[in-house]
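Structure data (compact mmCIF, C-alpha atoms) from model28.txt:
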# COMPACT_ATOMS: atom_id res chain seq x y z
CA MET A 1 58.50 121.48 109.08
CA ILE A 2 55.16 119.93 110.00
CA VAL A 3 53.29 122.53 107.92
CA LEU A 4 55.57 121.97 104.93
CA CYS A 5 55.30 118.18 105.23
CA GLY A 6 51.54 118.44 105.34
CA PHE A 7 51.58 120.63 102.26
CA PHE A 8 53.65 118.18 100.27
CA LEU A 9 52.06 115.05 101.63
CA HIS A 10 48.77 116.42 100.31
CA ARG A 11 50.24 115.41 96.94
CA ARG A 12 49.05 118.51 95.13
CA VAL A 13 52.38 120.09 94.11
CA SER A 14 52.70 119.75 90.34
CA ASP A 15 56.00 121.59 89.82
CA TYR A 16 58.79 119.04 90.11
CA ARG A 17 61.34 121.82 90.67
CA ILE A 18 59.62 122.82 93.92
CA ILE A 19 59.66 119.19 95.04
CA ALA A 20 63.39 118.94 94.24
CA HIS A 21 64.10 122.03 96.35
CA TYR A 22 61.95 120.65 99.14
CA ALA A 23 64.12 117.52 99.10
CA TYR A 24 67.13 119.71 99.88
CA PHE A 25 65.19 121.24 102.78
CA MET A 26 64.51 117.75 104.11
CA GLY A 27 68.20 116.97 103.67
CA PHE A 28 68.97 119.96 105.89
CA VAL A 29 66.49 118.67 108.48
CA PHE A 30 68.10 115.21 108.40
CA THR A 31 71.56 116.72 108.74
CA LEU A 32 70.52 118.88 111.67
CA PHE A 33 68.30 116.56 113.67
CA CYS A 34 69.41 112.96 113.06
CA PRO A 35 72.85 113.51 114.64
CA LYS A 36 71.11 115.35 117.52
CA LEU A 37 68.87 112.35 118.11
CA LEU A 38 71.95 110.14 118.11
CA PHE A 39 73.62 112.46 120.61
CA VAL A 40 70.53 112.32 122.85
CA SER A 41 70.74 108.52 122.94
CA PHE A 42 74.37 108.78 124.09
CA LEU A 43 73.39 111.33 126.76
CA PHE A 44 70.61 109.08 127.99
CA ALA A 45 72.99 106.11 128.26
CA ASP A 46 75.56 108.32 129.99
CA ASP A 47 73.01 109.49 132.57
CA ILE A 48 71.99 105.93 133.40
CA ILE A 49 75.58 104.71 133.76
CA ALA A 50 76.58 107.82 135.73
CA SER A 51 73.69 107.23 138.12
CA ILE A 52 74.71 103.61 138.67
CA ARG A 53 78.35 104.54 139.20
CA LYS A 54 77.39 107.26 141.66
CA ARG A 55 75.51 104.74 143.76
CA LEU A 56 78.26 102.11 143.62
CA PHE A 57 81.41 104.21 143.53
CA THR A 58 81.70 107.58 145.19
CA ASN A 59 85.32 108.29 144.36
CA ILE A 60 85.29 108.28 140.52
CA SER A 61 87.58 111.01 139.19
CA ARG A 62 86.09 113.82 137.11
CA GLU A 63 88.23 112.79 134.14
CA ARG A 64 86.46 109.45 133.94
CA ARG A 65 82.95 110.90 134.05
CA HIS A 66 80.77 111.48 131.00
CA ILE A 67 83.04 109.57 128.62
CA ILE A 68 79.97 108.22 126.80
CA ALA A 69 78.48 111.70 126.40
CA LYS A 70 81.73 113.03 124.98
CA GLY A 71 81.93 110.07 122.61
CA GLY A 72 78.37 110.76 121.50
CA PHE A 73 79.23 114.39 120.82
CA TRP A 74 82.10 113.52 118.50
CA THR A 75 80.14 110.69 116.88
CA SER A 76 77.32 113.13 116.13
CA LEU A 77 79.76 115.56 114.54
CA VAL A 78 81.04 112.76 112.31
CA PHE A 79 77.47 112.04 111.20
CA VAL A 80 76.90 115.73 110.42
CA GLY A 81 79.95 115.58 108.16
CA LEU A 82 78.74 112.38 106.52
CA PHE A 83 75.32 113.86 105.77
CA ILE A 84 76.85 117.00 104.27
CA MET A 85 79.31 114.99 102.17
CA GLY A 86 76.51 112.69 101.03
CA ILE A 87 74.39 115.59 99.80
CA VAL A 88 77.16 117.64 98.20
CA PHE A 89 79.35 114.87 96.75
CA GLY A 90 77.91 111.41 97.44
CA ARG A 91 74.89 111.68 95.16
CA TYR A 92 77.19 112.35 92.19
CA ASN A 93 79.89 109.81 93.09
CA TYR A 94 78.97 107.51 90.20
CA THR A 95 80.51 104.09 90.71
CA VAL A 96 80.97 101.34 88.12
CA GLU A 97 80.42 97.82 89.49
CA HIS A 98 81.88 95.07 87.29
CA VAL A 99 80.23 91.66 87.66
CA GLU A 100 81.03 88.44 85.78
CA ILE A 101 78.49 85.61 85.74
CA GLU A 102 79.02 82.18 84.21
CA PHE A 103 76.06 80.31 82.69
CA ALA A 104 75.96 76.72 81.56
CA ASN A 105 73.44 77.35 78.78
CA LEU A 106 74.69 80.67 77.42
CA PRO A 107 75.28 80.36 73.64
CA ASP A 108 78.96 80.50 72.77
CA SER A 109 78.53 83.58 70.58
CA PHE A 110 77.44 85.52 73.66
CA ASN A 111 80.53 84.65 75.69
CA GLY A 112 81.77 88.02 76.95
CA TYR A 113 78.47 89.74 76.20
CA LYS A 114 78.28 92.98 78.18
CA ILE A 115 75.16 94.47 79.76
CA VAL A 116 75.11 97.90 81.39
CA LEU A 117 72.33 98.13 83.98
CA ILE A 118 71.02 101.37 85.48
CA SER A 119 67.87 102.19 87.42
CA ASP A 120 66.03 104.78 89.50
CA ILE A 121 67.05 107.98 87.75
CA HIS A 122 64.30 110.03 89.46
CA ALA A 123 64.84 112.76 86.90
CA GLY A 124 62.96 115.46 88.80
CA ASN A 125 65.65 115.51 91.48
CA PHE A 126 68.17 116.65 88.85
CA ALA A 127 66.24 119.94 88.47
CA GLY A 128 68.81 122.60 87.58
CA SER A 129 71.68 120.10 87.59
CA ALA A 130 71.06 117.90 84.53
CA ASN A 131 74.68 118.40 83.47
CA ARG A 132 75.77 116.39 86.54
CA LEU A 133 74.59 113.26 84.69
CA GLN A 134 77.19 113.72 81.95
CA LYS A 135 79.86 111.92 83.96
CA ALA A 136 77.59 108.88 84.29
CA ILE A 137 76.87 108.86 80.55
CA ASP A 138 80.59 109.01 79.76
CA LEU A 139 81.32 106.14 82.16
CA MET A 140 78.66 103.96 80.50
CA ASN A 141 79.83 104.67 76.96
CA ARG A 142 83.42 103.94 77.99
CA GLU A 143 82.35 100.36 78.78
CA GLN A 144 81.23 99.80 75.16
CA PRO A 145 78.19 97.75 76.20
CA ASP A 146 76.30 95.38 73.95
CA ILE A 147 72.99 96.45 75.49
CA ILE A 148 71.92 99.03 78.06
CA ALA A 149 69.03 98.20 80.41
CA LEU A 150 67.07 100.76 82.45
CA ALA A 151 65.14 99.10 85.29
CA GLY A 152 62.48 101.77 85.89
CA ASP A 153 61.73 104.87 87.97
CA LEU A 154 62.85 107.28 85.32
CA VAL A 155 60.83 110.07 86.98
CA ASN A 156 59.27 110.93 90.33
CA ASN A 157 55.84 111.71 88.91
CA PHE A 158 55.76 113.93 85.86
CA ALA A 159 56.73 113.55 82.23
CA GLU A 160 58.27 117.04 82.06
CA GLU A 161 60.96 115.93 84.52
CA ILE A 162 62.73 114.00 81.79
CA THR A 163 62.70 116.73 79.12
CA PRO A 164 66.05 118.32 80.13
CA LEU A 165 67.68 114.88 80.26
CA ILE A 166 66.62 113.59 76.83
CA PRO A 167 69.64 115.08 74.96
CA ILE A 168 71.95 113.61 77.60
CA PHE A 169 70.52 110.09 77.42
CA LEU A 170 70.57 110.22 73.62
CA GLN A 171 74.37 110.13 73.89
CA LEU A 172 74.23 106.59 75.26
CA TYR A 173 75.18 103.95 72.72
CA ALA A 174 74.94 100.17 72.83
CA ARG A 175 75.56 97.90 69.87
CA ASP A 176 72.36 95.87 70.26
CA GLY A 177 70.12 98.59 71.63
CA LYS A 178 68.84 100.28 74.77
CA TYR A 179 65.85 98.85 76.65
CA ALA A 180 63.71 100.05 79.54
CA VAL A 181 60.84 99.03 81.80
CA LEU A 182 58.62 101.11 84.08
CA GLY A 183 58.96 101.50 87.84
CA ASN A 184 56.35 102.39 90.42
CA HIS A 185 57.05 106.14 90.13
CA ASP A 186 56.59 106.09 86.35
CA TYR A 187 52.81 105.72 86.73
CA GLY A 188 52.36 109.08 88.50
CA GLY A 189 50.75 107.47 91.51
CA TYR A 190 52.36 109.86 94.00
CA PHE A 191 50.24 112.80 92.83
CA ASP A 192 46.50 113.46 93.14
CA TRP A 193 45.42 114.10 89.57
CA ASP A 194 42.33 116.19 88.87
CA THR A 195 40.94 113.46 86.60
CA PRO A 196 42.00 109.93 85.63
CA ALA A 197 42.46 111.21 82.09
CA ASP A 198 45.20 113.60 83.26
CA SER A 199 47.07 110.67 84.79
CA VAL A 200 46.79 108.70 81.53
CA VAL A 201 48.09 111.64 79.48
CA ASN A 202 51.08 112.01 81.82
CA HIS A 203 51.80 108.28 81.69
CA LYS A 204 51.73 108.22 77.89
CA ALA A 205 54.05 111.23 77.81
CA ILE A 206 56.54 109.36 80.02
CA GLU A 207 56.44 106.38 77.66
CA ASN A 208 57.00 108.71 74.68
CA ALA A 209 59.95 110.36 76.44
CA ILE A 210 61.56 106.96 76.93
CA GLY A 211 61.33 106.45 73.18
CA GLN A 212 62.78 109.90 72.52
CA MET A 213 65.75 108.92 74.68
CA GLY A 214 66.42 106.06 72.27
CA PHE A 215 65.18 103.28 74.55
CA VAL A 216 62.79 100.49 73.57
CA LEU A 217 60.11 100.23 76.24
CA LEU A 218 59.22 96.64 77.12
CA ASN A 219 55.73 96.69 78.61
CA ASN A 220 55.20 92.97 79.21
CA GLN A 221 57.06 92.36 75.96
CA SER A 222 60.22 90.64 74.82
CA VAL A 223 62.87 90.94 72.14
CA ILE A 224 65.23 88.40 70.58
CA ILE A 225 68.89 89.30 70.20
CA ASN A 226 70.75 87.39 67.49
CA LEU A 227 74.48 87.03 66.96
CA ASN A 228 76.27 85.46 63.98
CA ASN A 229 72.88 84.46 62.53
CA THR A 230 73.05 81.33 64.67
CA ASP A 231 72.80 82.08 68.38
CA SER A 232 70.00 83.94 70.15
CA ILE A 233 69.03 85.09 73.61
CA ALA A 234 65.79 86.71 74.77
CA LEU A 235 65.33 89.88 76.79
CA ILE A 236 61.98 90.01 78.60
CA GLY A 237 60.57 93.17 80.16
CA THR A 238 57.61 93.43 82.54
CA GLU A 239 55.70 96.37 83.87
CA ASN A 240 55.92 97.20 87.56
CA TRP A 241 54.97 94.77 90.29
CA GLY A 242 54.79 95.81 93.93
CA ILE A 243 53.11 95.07 97.23
CA LYS A 244 52.25 98.62 98.30
CA GLU A 245 49.02 100.38 97.41
CA ARG A 246 50.77 103.02 95.32
CA HIS A 247 52.81 100.41 93.45
CA PRO A 248 50.91 99.16 90.40
CA LYS A 249 50.76 95.41 89.87
CA ARG A 250 50.84 95.28 86.09
CA ALA A 251 53.56 92.73 85.48
CA ASP A 252 52.41 89.90 83.19
CA LEU A 253 55.35 87.53 82.89
CA GLU A 254 53.38 84.87 81.02
CA LYS A 255 52.40 87.33 78.31
CA ALA A 256 55.94 88.69 78.05
CA MET A 257 57.48 85.20 77.81
CA GLU A 258 55.05 83.78 75.26
CA PRO A 259 56.90 84.95 72.10
CA VAL A 260 60.29 83.67 73.34
CA ARG A 261 59.46 80.31 74.90
CA ASP A 262 61.60 78.60 72.24
CA ILE A 263 64.68 80.63 73.21
CA PRO A 264 66.59 78.61 75.85
CA PHE A 265 68.51 81.52 77.41
CA ARG A 266 66.37 84.35 78.76
CA ILE A 267 67.01 87.54 80.72
CA LEU A 268 64.29 89.39 82.64
CA LEU A 269 64.28 93.15 83.16
CA THR A 270 61.85 94.27 85.86
CA HIS A 271 61.80 97.03 88.47
CA ASN A 272 61.12 95.47 91.86
CA PRO A 273 63.36 92.67 93.23
CA LEU A 274 60.36 91.32 95.17
CA PHE A 275 59.10 90.01 91.84
CA TRP A 276 61.97 87.51 91.66
CA PRO A 277 60.95 85.24 94.60
CA GLU A 278 57.30 85.83 93.78
CA SER A 279 57.29 84.77 90.12
CA VAL A 280 60.77 83.84 88.87
CA GLU A 281 62.96 82.02 91.41
CA GLY A 282 62.35 78.29 91.10
CA LYS A 283 59.21 78.92 89.05
CA THR A 284 60.80 79.60 85.65
CA ASP A 285 64.08 78.85 83.92
CA ILE A 286 64.96 82.53 83.45
CA ALA A 287 68.72 82.66 83.91
CA LEU A 288 69.23 86.29 84.91
CA THR A 289 66.88 88.89 86.40
CA LEU A 290 67.84 92.58 86.47
CA THR A 291 66.13 94.97 88.92
CA GLY A 292 66.50 98.20 90.91
CA HIS A 293 64.00 99.95 93.21
CA THR A 294 65.69 99.67 96.63
CA HIS A 295 68.38 102.39 96.22
CA GLY A 296 70.18 100.46 98.95
CA MET A 297 68.32 103.04 101.10
CA GLN A 298 71.02 105.46 99.84
CA MET A 299 73.18 104.77 102.86
CA GLY A 300 75.27 101.88 104.03
CA ILE A 301 78.73 100.56 104.78
CA LYS A 302 80.93 97.95 103.13
CA LEU A 303 83.28 95.88 105.28
CA GLY A 304 85.07 93.46 102.99
CA LYS A 305 82.37 91.19 101.59
CA LEU A 306 79.89 92.32 104.23
CA HIS A 307 77.42 95.01 103.18
CA LEU A 308 75.22 96.70 105.77
CA SER A 309 72.33 99.07 105.11
CA PRO A 310 68.89 99.92 106.53
CA ALA A 311 67.57 98.35 103.31
CA MET A 312 68.31 94.91 104.72
CA PHE A 313 65.44 95.32 107.18
CA GLN A 314 62.92 95.89 104.38
CA PHE A 315 64.21 93.78 101.50
CA ARG A 316 65.57 90.27 101.36
CA HIS A 317 67.35 91.17 98.12
CA TRP A 318 68.43 94.81 98.30
CA ALA A 319 71.74 95.25 96.43
CA GLY A 320 74.20 93.26 94.35
CA LEU A 321 74.18 89.70 93.05
CA TYR A 322 72.10 86.81 94.40
CA GLN A 323 71.98 83.18 93.25
CA THR A 324 69.60 80.28 93.62
CA ASP A 325 70.83 77.16 91.81
CA ASN A 326 71.39 78.27 88.19
CA GLN A 327 69.30 81.44 88.46
CA TYR A 328 70.74 84.88 89.23
CA LEU A 329 69.27 88.16 90.43
CA TYR A 330 71.05 91.48 90.31
CA VAL A 331 69.72 94.50 92.23
CA ASN A 332 71.11 97.83 91.06
CA ARG A 333 71.49 100.49 93.76
CA GLY A 334 70.13 103.25 91.52
CA LEU A 335 71.65 106.23 89.72
CA GLY A 336 69.58 109.02 91.27
CA VAL A 337 68.15 109.88 94.66
CA ASN A 338 64.69 110.11 96.16
CA ALA A 339 63.45 111.79 99.37
CA PHE A 340 66.88 112.27 100.98
CA PRO A 341 68.98 114.24 98.43
CA GLY A 342 72.23 112.41 99.05
CA ARG A 343 74.05 109.09 99.33
CA ILE A 344 76.25 107.94 102.19
CA GLY A 345 78.40 104.92 101.42
CA MET A 346 75.77 103.66 98.96
CA TRP A 347 77.01 105.38 95.83
CA PRO A 348 75.00 105.77 92.62
CA GLU A 349 75.67 102.64 90.61
CA ILE A 350 76.38 101.72 87.02
CA THR A 351 76.44 97.94 86.79
CA VAL A 352 78.48 96.26 84.06
CA ILE A 353 77.53 92.59 83.79
CA THR A 354 79.73 90.38 81.62
CA MET A 355 78.20 87.01 80.79
CA ARG A 356 80.43 83.98 80.33
CA SER A 357 79.54 80.62 78.85
CA GLY A 358 80.70 77.45 80.52
CA LEU A 359 79.94 74.93 83.23
CA ILE A 360 78.83 76.15 86.63
CA PHE A 361 80.47 74.45 89.61

Take the structure in this file and express it as structure tokens.
Amino acid sequence: MIVLCGFFLHRRVSDYRIIAHYAYFMGFVFTLFCPKLLFVSFLFADDIIASIRKRLFTNISRERRHIIAKGGFWTSLVFVGLFIMGIVFGRYNYTVEHVEIEFANLPDSFNGYKIVLISDIHAGNFAGSANRLQKAIDLMNREQPDIIALAGDLVNNFAEEITPLIPIFLQLYARDGKYAVLGNHDYGGYFDWDTPADSVVNHKAIENAIGQMGFVLLNNQSVIINLNNTDSIALIGTENWGIKERHPKRADLEKAMEPVRDIPFRILLTHNPLFWPESVEGKTDIALTLTGHTHGMQMGIKLGKLHLSPAMFQFRHWAGLYQTDNQYLYVNRGLGVNAFPGRIGMWPEITVITMRSGLIF
């Protein structure tokens, strides 16, 4: 495993199909070793408690010994099952999340306006299984959206990843158009290119593929959507913004907003939710920001209104709807997978946002 990791971490593998198969290998490693590590922690705790009991109580029956170790064994088996289910079924368990948001300044003509939000396709990980996306496409079209928004990370690295998916994404229809922005993976920064020119060619090919899919790419640009020749809203799209070295910081919100400053109601489409507190929340009057990026770490649990995931230790805003005064942020959990080839309790998400006009209380 160390040799293989070193090979791939060298960032010289240019065939996305090999990388996709390697992801399954890593999934096998996770499935085999993570539950074992969990079991070891139970054994360690059991040894400590058994040692204490032996010193304090000499007449403990055999039946009462090693209860923790036995519990750890069965807990580990459960986790093995969860990992297998997540890889085989969870990554394709497309889930539609319906969200209604009421805005005080939404034009009346847009009352009931429906936005379908998706993100983080990571097309290369669908190598050999592009047809598995058909269910997601059908679910989106069934919602009859007014617009469809793609919040970045269409690929892992390479433009050719998206080629098998273009006919599938062409089936998507929205009355007022399909729009996309770029995510950190869409710049090819996770591969060591022979020359900077090769990276530029790949990046341009990714942008062209987005157009071939029928999406309008908003690179620090904006569009105005009109209804009934009277009411308008603006959709703003920025390039990626991130804090890591491999995450390009190309978002230019000022440039993107300039053409639509006279439009009172504005929506921002950007990839990374970290951009919201950095440049949007309390700093602009953008009503709704749509993002992705976190994947919800592809694993989590939902207990009523309480959502738990490892993502909460890395991101302040990691999944779902957030509000500050009259501004909203929605973080989509992603449609694809990356690194670990499965999802456990954090299902691939299609978000359907219905906007309502009216007073906010």

Subject >> Residue nearest A:Leu32 - candidates A:Tyr173, A:Phe79, A:Gly345, A:Ser309, atoms counted: only C-alpha atoms >> reply: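 Using only C-alpha atoms, A:Leu32 sits closest to A:Phe79.
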
Subject >> Proximity to A:Val200 - best of A:Ala159, A:Ile224, A:Phe126, A:Glu349, all atoms listed in the file >> reply: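 Checking each of A:Ala159, A:Ile224, A:Phe126, A:Glu349 against A:Val200, counting all atoms listed in the file, the winner is A:Ala159.
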
Original post:
Contacts of stretch 262-268 of chain A at 8 Å or less, counting all atoms listed in the file, minus same-chain residues fewer than 4 places along, as a PyMOL selection string?
Top reply: chain A and resi 105-107+232-238+285-290

Original post:
Between A:Ala20, A:Ile210, A:Leu303, A:Val223, which is the closest to A:Val260 once you count all atoms listed in the file?
Top reply: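 Nearest to A:Val260: A:Val223.
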
**OP:** Measuring atom to atom with only C-alpha atoms, identify which of A:Leu335, A:Leu182, A:Leu133, A:Ile301 is nearest to A:His247.
**Re:**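 Using only C-alpha atoms, the shortest distance to A:His247 belongs to A:Leu182.
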
**OP:** Would you list the contacts of A:Leu227 as a ChimeraX atom specification, taking every protein, DNA or RNA residue within 8 Å and counting all atoms listed in the file, but skipping same-chain residues closer than 3 positions in sequence?
**Re:** /A:109-110,230-232

**OP:** Quick one: pull the distance between atom CA of A:His295 and atom CA of A:Asn93, Å, one decimal.
**Re:**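 So the two atoms, atom CA of A:His295 and atom CA of A:Asn93, lie 14.0 Å apart.
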
Subject >> Pick from A:Val337, A:Leu269, A:Ala197, A:Ile344, whichever lies nearest to A:Lys302 using all atoms listed in the file >> reply: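 The closest residue to A:Lys302 is A:Ile344.
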
**OP:** Please tell me which residues are no farther than 7 Å from (68.5, 84.1, 89.6) in the file, counting all atoms listed in the file, and write them as a count of residues only.
**Re:** 11

**OP:** May I ask for the distance between atom CA of A:Arg333 and atom CA of A:Ala136, given in Å to one decimal place?
**Re:** 14.0 Å

Original post:
Looking at A:Gly282, A:Gly177, A:Pro273, A:Gly86, which one is nearest to A:Gln298, with distances taken over all atoms listed in the file?
Top reply: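 Selected residue with least distance to A:Gln298: A:Gly86.
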
Original post:
Expressed in Å to a single decimal, how great is the separation between atom CA of A:Gln134 and atom CA of A:His307?
Top reply: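 Separation between atom CA of A:Gln134 and atom CA of A:His307: 28.3 Å.
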
**OP:** Scan for residues within 10 Å of the point (66.3, 102.1, 88.3) in the coordinates of the file, using all atoms listed in the file, and reply as a PyMOL selection string.
**Re:** chain A and resi 117-122+149-155+180-183+270-272+290-295+331-336+349

Subject >> Selection: 12 Å around A:Val201, only C-alpha atoms, excl. self and same-chain fewer than 6 positions, as number ranges by chain >> reply: A: 158-160, 187-188, 193-195, 207-208

N, CA and C atoms are needed for stretch 316-339 of chain A; please write them out as a PDB file, in the coordinates of the input.
ATOM      1  N   ARG A 316      64.697  91.441 101.306  1.00  0.00           N
ATOM      2  CA  ARG A 316      65.570  90.270 101.360  1.00  0.00           C
ATOM      3  C   ARG A 316      66.694  90.400 100.340  1.00  0.00           C
ATOM      4  N   HIS A 317      66.363  90.917  99.166  1.00  0.00           N
ATOM      5  CA  HIS A 317      67.350  91.170  98.120  1.00  0.00           C
ATOM      6  C   HIS A 317      67.385  92.683  97.896  1.00  0.00           C
ATOM      7  N   TRP A 318      68.453  93.342  98.318  1.00  0.00           N
ATOM      8  CA  TRP A 318      68.430  94.810  98.300  1.00  0.00           C
ATOM      9  C   TRP A 318      69.578  95.436  97.515  1.00  0.00           C
ATOM     10  N   ALA A 319      70.649  94.703  97.222  1.00  0.00           N
ATOM     11  CA  ALA A 319      71.740  95.250  96.430  1.00  0.00           C
ATOM     12  C   ALA A 319      72.693  94.140  96.024  1.00  0.00           C
ATOM     13  N   GLY A 320      73.191  94.208  94.791  1.00  0.00           N
ATOM     14  CA  GLY A 320      74.200  93.260  94.350  1.00  0.00           C
ATOM     15  C   GLY A 320      73.635  91.990  93.752  1.00  0.00           C
ATOM     16  N   LEU A 321      74.484  90.956  93.732  1.00  0.00           N
ATOM     17  CA  LEU A 321      74.180  89.700  93.050  1.00  0.00           C
ATOM     18  C   LEU A 321      73.698  88.639  94.025  1.00  0.00           C
ATOM     19  N   TYR A 322      72.645  87.927  93.616  1.00  0.00           N
ATOM     20  CA  TYR A 322      72.100  86.810  94.400  1.00  0.00           C
ATOM     21  C   TYR A 322      71.947  85.607  93.469  1.00  0.00           C
ATOM     22  N   GLN A 323      72.058  84.404  94.046  1.00  0.00           N
ATOM     23  CA  GLN A 323      71.980  83.180  93.250  1.00  0.00           C
ATOM     24  C   GLN A 323      71.153  82.124  93.961  1.00  0.00           C
ATOM     25  N   THR A 324      70.302  81.476  93.185  1.00  0.00           N
ATOM     26  CA  THR A 324      69.600  80.280  93.620  1.00  0.00           C
ATOM     27  C   THR A 324      69.757  79.235  92.531  1.00  0.00           C
ATOM     28  N   ASP A 325      70.510  78.175  92.815  1.00  0.00           N
ATOM     29  CA  ASP A 325      70.830  77.160  91.810  1.00  0.00           C
ATOM     30  C   ASP A 325      71.445  77.836  90.591  1.00  0.00           C
ATOM     31  N   ASN A 326      70.831  77.685  89.408  1.00  0.00           N
ATOM     32  CA  ASN A 326      71.390  78.270  88.190  1.00  0.00           C
ATOM     33  C   ASN A 326      70.688  79.576  87.800  1.00  0.00           C
ATOM     34  N   GLN A 327      69.979  80.183  88.736  1.00  0.00           N
ATOM     35  CA  GLN A 327      69.300  81.440  88.460  1.00  0.00           C
ATOM     36  C   GLN A 327      69.965  82.571  89.261  1.00  0.00           C
ATOM     37  N   TYR A 328      70.088  83.733  88.612  1.00  0.00           N
ATOM     38  CA  TYR A 328      70.740  84.880  89.230  1.00  0.00           C
ATOM     39  C   TYR A 328      69.801  86.082  89.249  1.00  0.00           C
ATOM     40  N   LEU A 329      69.949  86.878  90.298  1.00  0.00           N
ATOM     41  CA  LEU A 329      69.270  88.160  90.430  1.00  0.00           C
ATOM     42  C   LEU A 329      70.308  89.230  90.708  1.00  0.00           C
ATOM     43  N   TYR A 330      70.200  90.342  89.978  1.00  0.00           N
ATOM     44  CA  TYR A 330      71.050  91.480  90.310  1.00  0.00           C
ATOM     45  C   TYR A 330      70.171  92.673  90.635  1.00  0.00           C
ATOM     46  N   VAL A 331      70.464  93.319  91.790  1.00  0.00           N
ATOM     47  CA  VAL A 331      69.720  94.500  92.230  1.00  0.00           C
ATOM     48  C   VAL A 331      70.648  95.713  92.155  1.00  0.00           C
ATOM     49  N   ASN A 332      70.333  96.602  91.232  1.00  0.00           N
ATOM     50  CA  ASN A 332      71.110  97.830  91.060  1.00  0.00           C
ATOM     51  C   ASN A 332      70.733  98.839  92.144  1.00  0.00           C
ATOM     52  N   ARG A 333      71.716  99.557  92.654  1.00  0.00           N
ATOM     53  CA  ARG A 333      71.490 100.490  93.760  1.00  0.00           C
ATOM     54  C   ARG A 333      70.913 101.832  93.310  1.00  0.00           C
ATOM     55  N   GLY A 334      70.734 102.023  92.017  1.00  0.00           N
ATOM     56  CA  GLY A 334      70.130 103.250  91.520  1.00  0.00           C
ATOM     57  C   GLY A 334      71.153 104.307  91.141  1.00  0.00           C
ATOM     58  N   LEU A 335      70.754 105.171  90.195  1.00  0.00           N
ATOM     59  CA  LEU A 335      71.650 106.230  89.720  1.00  0.00           C
ATOM     60  C   LEU A 335      71.287 107.585  90.330  1.00  0.00           C
ATOM     61  N   GLY A 336      70.030 107.754  90.706  1.00  0.00           N
ATOM     62  CA  GLY A 336      69.580 109.020  91.270  1.00  0.00           C
ATOM     63  C   GLY A 336      69.293 108.900  92.752  1.00  0.00           C
ATOM     64  N   VAL A 337      68.530 109.873  93.256  1.00  0.00           N
ATOM     65  CA  VAL A 337      68.150 109.880  94.660  1.00  0.00           C
ATOM     66  C   VAL A 337      66.653 110.153  94.765  1.00  0.00           C
ATOM     67  N   ASN A 338      66.093 109.824  95.908  1.00  0.00           N
ATOM     68  CA  ASN A 338      64.690 110.110  96.160  1.00  0.00           C
ATOM     69  C   ASN A 338      64.506 110.392  97.653  1.00  0.00           C
ATOM     70  N   ALA A 339      63.685 111.367  97.985  1.00  0.00           N
ATOM     71  CA  ALA A 339      63.450 111.790  99.370  1.00  0.00           C
ATOM     72  C   ALA A 339      64.712 112.456  99.930  1.00  0.00           C
TER      73      ALA A 339
END
